[in-house]
Structures are given as structure tokens and as C-alpha cells.
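A.B. asks: Sharing model16.tsv below, TSV, N, CA and C atoms:
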chain	number	residue	atom	x	y	z
A	58	MET	N	44.63	21.78	-23.69
A	58	MET	CA	45.06	21.35	-24.99
A	58	MET	C	46.56	21.56	-25.15
A	59	THR	N	47.07	22.61	-24.55
A	59	THR	CA	48.50	22.88	-24.62
A	59	THR	C	49.28	21.72	-24.03
A	60	PHE	N	48.79	21.18	-22.91
A	60	PHE	CA	49.45	20.05	-22.27
A	60	PHE	C	49.56	18.87	-23.23
A	61	LEU	N	48.46	18.55	-23.92
A	61	LEU	CA	48.47	17.43	-24.86
A	61	LEU	C	49.39	17.70	-26.04
A	62	ALA	N	49.35	18.92	-26.54
A	62	ALA	CA	50.21	19.27	-27.67
A	62	ALA	C	51.68	19.13	-27.28
A	63	GLU	N	52.03	19.59	-26.10
A	63	GLU	CA	53.41	19.45	-25.64
A	63	GLU	C	53.78	17.99	-25.45
A	64	LYS	N	52.87	17.22	-24.91
A	64	LYS	CA	53.12	15.79	-24.68
A	64	LYS	C	53.41	15.05	-25.98
A	65	PHE	N	52.70	15.43	-27.04
A	65	PHE	CA	52.88	14.78	-28.33
A	65	PHE	C	53.80	15.56	-29.27
A	66	ASN	N	54.37	16.64	-28.73
A	66	ASN	CA	55.33	17.44	-29.48
A	66	ASN	C	54.75	17.95	-30.81
A	67	VAL	N	53.55	18.51	-30.73
A	67	VAL	CA	52.90	19.09	-31.91
A	67	VAL	C	52.38	20.48	-31.56
A	68	ASN	N	52.08	21.26	-32.56
A	68	ASN	CA	51.51	22.59	-32.40
A	68	ASN	C	50.06	22.43	-31.91
A	69	PRO	N	49.61	23.22	-30.91
A	69	PRO	CA	48.24	23.10	-30.41
A	69	PRO	C	47.17	23.26	-31.49
A	70	SER	N	47.35	24.18	-32.41
A	70	SER	CA	46.33	24.34	-33.46
A	70	SER	C	46.33	23.15	-34.42
A	71	ASP	N	47.50	22.57	-34.68
A	71	ASP	CA	47.55	21.37	-35.53
A	71	ASP	C	46.84	20.20	-34.84
A	72	LEU	N	47.08	20.06	-33.54
A	72	LEU	CA	46.41	19.01	-32.78
A	72	LEU	C	44.90	19.21	-32.82
A	73	SER	N	44.46	20.43	-32.61
A	73	SER	CA	43.03	20.74	-32.62
A	73	SER	C	42.41	20.43	-33.99
A	74	ASN	N	43.07	20.86	-35.04
A	74	ASN	CA	42.55	20.61	-36.39
A	74	ASN	C	42.50	19.13	-36.72
A	75	GLN	N	43.55	18.41	-36.37
A	75	GLN	CA	43.59	16.97	-36.64
A	75	GLN	C	42.50	16.23	-35.86
A	76	PHE	N	42.33	16.61	-34.61
A	76	PHE	CA	41.31	15.97	-33.78
A	76	PHE	C	39.92	16.21	-34.37
A	77	ARG	N	39.67	17.44	-34.77
A	77	ARG	CA	38.35	17.77	-35.34
A	77	ARG	C	38.10	16.99	-36.63
A	78	GLN	N	39.11	16.85	-37.46
A	78	GLN	CA	38.97	16.09	-38.70
A	78	GLN	C	38.68	14.61	-38.41
A	79	GLU	N	39.35	14.06	-37.41
A	79	GLU	CA	39.20	12.64	-37.09
A	79	GLU	C	37.89	12.33	-36.37
A	80	LYS	N	37.52	13.18	-35.41
A	80	LYS	CA	36.37	12.89	-34.54
A	80	LYS	C	35.11	13.68	-34.87
A	81	GLY	N	35.24	14.76	-35.63
A	81	GLY	CA	34.07	15.56	-35.99
A	81	GLY	C	33.63	16.54	-34.92
A	82	VAL	N	34.39	16.64	-33.84
A	82	VAL	CA	34.13	17.60	-32.76
A	82	VAL	C	35.46	18.21	-32.35
A	83	THR	N	35.38	19.37	-31.72
A	83	THR	CA	36.62	19.97	-31.25
A	83	THR	C	37.15	19.20	-30.04
A	84	LEU	N	38.43	19.30	-29.82
A	84	LEU	CA	39.05	18.63	-28.68
A	84	LEU	C	38.46	19.15	-27.37
A	85	THR	N	38.24	20.45	-27.29
A	85	THR	CA	37.65	21.04	-26.08
A	85	THR	C	36.26	20.48	-25.83
A	86	ASN	N	35.42	20.40	-26.86
A	86	ASN	CA	34.08	19.84	-26.69
A	86	ASN	C	34.13	18.37	-26.28
A	87	TYR	N	35.06	17.64	-26.86
A	87	TYR	CA	35.21	16.22	-26.51
A	87	TYR	C	35.59	16.06	-25.04
A	88	ILE	N	36.57	16.84	-24.60
A	88	ILE	CA	37.02	16.77	-23.21
A	88	ILE	C	35.89	17.17	-22.27
A	89	ASN	N	35.18	18.25	-22.59
A	89	ASN	CA	34.08	18.68	-21.74
A	89	ASN	C	32.96	17.64	-21.68
A	90	THR	N	32.69	16.98	-22.80
A	90	THR	CA	31.67	15.93	-22.83
A	90	THR	C	32.06	14.79	-21.89
A	91	LYS	N	33.29	14.37	-21.96
A	91	LYS	CA	33.76	13.29	-21.09
A	91	LYS	C	33.73	13.71	-19.62
A	92	ARG	N	34.09	14.94	-19.35
A	92	ARG	CA	34.03	15.45	-17.97
A	92	ARG	C	32.59	15.47	-17.46
A	93	MET	N	31.66	15.92	-18.30
A	93	MET	CA	30.25	15.98	-17.91
A	93	MET	C	29.71	14.58	-17.63
A	94	GLU	N	30.06	13.62	-18.48
A	94	GLU	CA	29.59	12.26	-18.27
A	94	GLU	C	30.09	11.74	-16.93
A	95	HIS	N	31.34	12.02	-16.63
A	95	HIS	CA	31.91	11.59	-15.36
A	95	HIS	C	31.23	12.31	-14.19
A	96	ALA	N	30.96	13.57	-14.35
A	96	ALA	CA	30.36	14.36	-13.27
A	96	ALA	C	28.93	13.92	-12.98
A	97	ALA	N	28.19	13.52	-14.00
A	97	ALA	CA	26.77	13.20	-13.83
A	97	ALA	C	26.54	11.76	-13.40
A	98	SER	N	27.48	10.90	-13.58
A	98	SER	CA	27.24	9.48	-13.37
A	98	SER	C	28.10	8.92	-12.25
A	99	PRO	N	27.57	8.60	-11.14
A	99	PRO	CA	26.32	9.08	-10.56
A	99	PRO	C	26.57	10.30	-9.68
A	100	LEU	N	25.69	11.25	-9.72
A	100	LEU	CA	25.76	12.44	-8.88
A	100	LEU	C	24.81	12.20	-7.71
A	101	ARG	N	25.36	11.77	-6.59
A	101	ARG	CA	24.57	11.38	-5.44
A	101	ARG	C	24.33	12.55	-4.48
A	102	ALA	N	23.37	12.37	-3.61
A	102	ALA	CA	23.05	13.40	-2.62
A	102	ALA	C	24.24	13.70	-1.71
A	103	SER	N	25.10	12.70	-1.52
A	103	SER	CA	26.25	12.90	-0.63
A	103	SER	C	27.39	13.68	-1.30
A	104	ASP	N	27.30	13.88	-2.60
A	104	ASP	CA	28.36	14.60	-3.33
A	104	ASP	C	28.19	16.10	-3.18
A	105	TYR	N	29.27	16.78	-2.92
A	105	TYR	CA	29.28	18.24	-2.97
A	105	TYR	C	29.56	18.62	-4.42
A	106	ILE	N	28.71	19.42	-5.00
A	106	ILE	CA	28.81	19.71	-6.43
A	106	ILE	C	30.14	20.37	-6.77
A	107	GLN	N	30.58	21.30	-5.95
A	107	GLN	CA	31.86	21.98	-6.24
A	107	GLN	C	33.02	20.98	-6.24
A	108	GLU	N	33.04	20.07	-5.26
A	108	GLU	CA	34.10	19.07	-5.21
A	108	GLU	C	34.04	18.14	-6.42
A	109	ARG	N	32.82	17.75	-6.80
A	109	ARG	CA	32.66	16.88	-7.96
A	109	ARG	C	33.15	17.58	-9.22
A	110	ALA	N	32.81	18.85	-9.36
A	110	ALA	CA	33.25	19.63	-10.53
A	110	ALA	C	34.77	19.68	-10.57
A	111	GLU	N	35.40	19.95	-9.44
A	111	GLU	CA	36.86	20.03	-9.39
A	111	GLU	C	37.50	18.69	-9.70
A	112	ARG	N	36.94	17.60	-9.19
A	112	ARG	CA	37.48	16.27	-9.49
A	112	ARG	C	37.40	15.95	-10.98
A	113	CYS	N	36.44	16.58	-11.66
A	113	CYS	CA	36.27	16.35	-13.10
A	113	CYS	C	37.03	17.37	-13.94
A	114	GLY	N	37.81	18.23	-13.29
A	114	GLY	CA	38.66	19.16	-14.03
A	114	GLY	C	38.09	20.54	-14.24
A	115	PHE	N	36.97	20.85	-13.60
A	115	PHE	CA	36.36	22.18	-13.72
A	115	PHE	C	36.69	22.99	-12.48
A	116	LEU	N	37.49	24.03	-12.64
A	116	LEU	CA	37.87	24.85	-11.50
A	116	LEU	C	36.87	25.97	-11.25
A	117	ASP	N	36.05	26.29	-12.23
A	117	ASP	CA	35.04	27.34	-12.12
A	117	ASP	C	33.66	26.69	-12.00
A	118	ILE	N	33.06	26.75	-10.83
A	118	ILE	CA	31.76	26.11	-10.59
A	118	ILE	C	30.67	26.69	-11.47
A	119	ASN	N	30.74	27.98	-11.77
A	119	ASN	CA	29.72	28.59	-12.63
A	119	ASN	C	29.80	28.04	-14.05
A	120	TYR	N	31.00	27.88	-14.56
A	120	TYR	CA	31.19	27.32	-15.90
A	120	TYR	C	30.71	25.87	-15.92
A	121	PHE	N	31.06	25.11	-14.89
A	121	PHE	CA	30.60	23.73	-14.78
A	121	PHE	C	29.08	23.66	-14.78
A	122	SER	N	28.44	24.47	-13.95
A	122	SER	CA	26.98	24.46	-13.87
A	122	SER	C	26.34	24.84	-15.20
A	123	HIS	N	26.93	25.81	-15.88
A	123	HIS	CA	26.41	26.24	-17.18
A	123	HIS	C	26.49	25.09	-18.19
A	124	LEU	N	27.64	24.44	-18.28
A	124	LEU	CA	27.78	23.32	-19.21
A	124	LEU	C	26.88	22.15	-18.83
A	125	PHE	N	26.77	21.87	-17.54
A	125	PHE	CA	25.95	20.77	-17.06
A	125	PHE	C	24.48	20.99	-17.44
A	126	LYS	N	23.99	22.20	-17.18
A	126	LYS	CA	22.59	22.50	-17.49
A	126	LYS	C	22.34	22.48	-19.00
A	127	ARG	N	23.29	22.97	-19.77
A	127	ARG	CA	23.13	22.96	-21.23
A	127	ARG	C	23.09	21.53	-21.76
A	128	ARG	N	23.89	20.66	-21.17
A	128	ARG	CA	23.96	19.27	-21.65
A	128	ARG	C	22.78	18.44	-21.17
A	129	TYR	N	22.40	18.58	-19.90
A	129	TYR	CA	21.39	17.70	-19.31
A	129	TYR	C	20.03	18.33	-19.09
A	130	GLY	N	19.93	19.65	-19.27
A	130	GLY	CA	18.64	20.32	-19.12
A	130	GLY	C	18.26	20.62	-17.67
A	131	LEU	N	19.12	20.26	-16.73
A	131	LEU	CA	18.89	20.51	-15.31
A	131	LEU	C	20.18	21.01	-14.69
A	132	SER	N	20.05	21.81	-13.65
A	132	SER	CA	21.24	22.21	-12.91
A	132	SER	C	21.77	20.98	-12.18
A	133	PRO	N	23.04	20.98	-11.80
A	133	PRO	CA	23.57	19.82	-11.07
A	133	PRO	C	22.78	19.51	-9.79
A	134	SER	N	22.37	20.53	-9.06
A	134	SER	CA	21.62	20.27	-7.82
A	134	SER	C	20.24	19.69	-8.11
A	135	LYS	N	19.55	20.16	-9.14
A	135	LYS	CA	18.24	19.60	-9.49
A	135	LYS	C	18.40	18.18	-10.02
A	136	PHE	N	19.45	17.95	-10.78
A	136	PHE	CA	19.74	16.60	-11.28
A	136	PHE	C	19.94	15.65	-10.10
A	137	ARG	N	20.70	16.11	-9.11
A	137	ARG	CA	21.01	15.29	-7.94
A	137	ARG	C	19.77	15.06	-7.09
A	138	LYS	N	18.94	16.10	-6.92
A	138	LYS	CA	17.78	16.01	-6.03
A	138	LYS	C	16.62	15.19	-6.60
A	139	ALA	N	16.59	15.09	-7.92
A	139	ALA	CA	15.46	14.40	-8.55
A	139	ALA	C	15.39	12.95	-8.06
A	140	SER	N	14.20	12.48	-7.82
A	140	SER	CA	14.03	11.11	-7.33
A	140	SER	C	13.92	10.15	-8.51
A	141	GLY	N	14.04	8.90	-8.23
A	141	GLY	CA	13.95	7.88	-9.27
A	141	GLY	C	15.32	7.51	-9.78
A	142	GLY	N	15.32	6.58	-10.71
A	142	GLY	CA	16.56	6.08	-11.28
A	142	GLY	C	17.06	6.97	-12.41
A	143	ILE	N	18.10	6.49	-13.01
A	143	ILE	CA	18.68	7.20	-14.15
A	143	ILE	C	18.55	6.29	-15.35
A	144	GLU	N	18.06	6.83	-16.42
A	144	GLU	CA	17.97	6.04	-17.65
A	144	GLU	C	18.77	6.71	-18.74
A	145	ARG	N	19.23	5.93	-19.66
A	145	ARG	CA	20.05	6.45	-20.75
A	145	ARG	C	19.15	6.95	-21.86
A	146	VAL	N	19.39	8.18	-22.30
A	146	VAL	CA	18.58	8.77	-23.37
A	146	VAL	C	19.50	9.55	-24.30
A	147	GLU	N	18.98	9.91	-25.44
A	147	GLU	CA	19.75	10.75	-26.37
A	147	GLU	C	19.89	12.14	-25.79
A	148	ASP	N	21.05	12.70	-25.94
A	148	ASP	CA	21.37	14.06	-25.49
A	148	ASP	C	20.74	15.06	-26.45
A	149	LYS	N	20.76	16.33	-26.08
A	149	LYS	CA	20.29	17.39	-26.96
A	149	LYS	C	21.16	17.47	-28.20
A	150	GLY	N	22.42	17.10	-28.08
A	150	GLY	CA	23.37	17.15	-29.20
A	150	GLY	C	23.18	15.98	-30.13
A	151	ALA	N	23.91	15.99	-31.21
A	151	ALA	CA	23.77	14.97	-32.24
A	151	ALA	C	24.39	13.65	-31.80
A	152	ALA	N	23.58	12.61	-31.74
A	152	ALA	CA	24.00	11.23	-31.52
A	152	ALA	C	24.86	11.01	-30.28
A	153	ARG	N	24.84	11.91	-29.32
A	153	ARG	CA	25.53	11.68	-28.06
A	153	ARG	C	24.50	11.18	-27.08
A	154	GLN	N	24.94	10.44	-26.10
A	154	GLN	CA	24.04	9.94	-25.08
A	154	GLN	C	24.36	10.61	-23.77
A	155	CYS	N	23.36	10.73	-22.94
A	155	CYS	CA	23.55	11.24	-21.59
A	155	CYS	C	22.60	10.53	-20.67
A	156	TYR	N	22.58	10.95	-19.44
A	156	TYR	CA	21.69	10.38	-18.45
A	156	TYR	C	20.63	11.40	-18.10
A	157	SER	N	19.42	10.94	-17.94
A	157	SER	CA	18.38	11.84	-17.46
A	157	SER	C	17.56	11.11	-16.42
A	158	ILE	N	16.82	11.86	-15.67
A	158	ILE	CA	16.02	11.29	-14.59
A	158	ILE	C	14.75	10.66	-15.16
A	159	LYS	N	14.41	9.49	-14.67
A	159	LYS	CA	13.16	8.81	-15.10
A	159	LYS	C	11.98	9.59	-14.62
Written as C-alpha cells, how would this file's structure read?

C.D. replies:
Amino acid sequence: MTFLAEKFNVNPSDLSNQFRQEKGVTLTNYINTKRMEHAASPLRASDYIQERAERCGFLDINYFSHLFKRRYGLSPSKFRKASGGIERVEDKGAARQCYSIK
């Protein structure tokens, strides 16, 4: 968030407050949601989970796995190993969409 605040020459807390007022979610939650969507779609058997997490901006694999499981109900490895296609369903959160295994 500091990077964005500096880029737009605003105070980080002002940026956070303005974002929350406009979008109804915190900037951190919004960024993490977008990262999770990118990480999960598609998470193939050939992907190394740690590398995928890092490419999506998560340097701590444990934090990534925790957020992934909270959002999708499965660990990244179980999500990847599950057979079948991916269908779009409502997330556990309010009016957000995610992918789950058929």
C-alpha cells in the first residue's frame, strides 16, 4: 500500500480510507482477492505452489496457503489435485466469485 500511496503522492491511511469508502473493502483485501484469483486460475499439476504464490506476490507460502484455504475451502495442493473441471461459484464471502472443483 505504501508503494501505491507514494505513486499517487497521498498518505497511506488516506488512500486506504478512500479505497474502502469507494469499494466497500480494504485495499489489502482487494489486492489479496485479486492475487488469489490469479493463483487459482488455473492451478495445474505442473505448477509448483511456492513459485505460483511468489508470482502472485506472496513471499510467505504459509500465508498464501492460509488465505487460499480460507477463500476456496481447499489447500492449494488439494485444489490442484482434485479431478474434474472448474466451475464458477459464489465464494464464502459476500457477492464475490471464485472457482471450485466440480

A.B. asks: Return the single residue from A:His95, A:Ala62, A:Thr83, A:Arg128 that is closest to Arg112 of chain A, with distances computed using all atoms listed in the file.

C.D. replies: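 Smallest separation from Arg112 of chain A among the options: A:His95.
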
A.B. asks: Interatomic distance between atom C of Ala97 of chain A and atom CA of Val82 of chain A?

C.D. replies: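 Between these atoms lies a distance of 21.6 Å.
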
A.B. asks: Measure the distance from atom CA of Tyr129 of chain A to atom CA of Glu94 of chain A in Å and round it to one decimal.

C.D. replies: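 Between atom CA of Tyr129 of chain A and atom CA of Glu94 of chain A the gap is 9.9 Å.
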
A.B. asks: In Å, how far is it from atom CA of Cys113 of chain A to atom CA of Asn89 of chain A?

C.D. replies: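 Separating atom CA of Cys113 of chain A from atom CA of Asn89 of chain A is a distance of 9.2 Å.
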
A.B. asks: Pick the closest to Leu84 of chain A from A:Asp71, A:Pro133, A:Met58, A:His123: which is it, counting only C-alpha atoms?

C.D. replies: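 Residue with the minimum atom-to-atom distance to Leu84 of chain A: A:Met58.
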
A.B. asks: Counting only N, CA and C atoms, which of A:Thr90, A:Gln78, A:Ser134, A:Thr85 gets nearest to Ile106 of chain A?

C.D. replies: A:Ser134
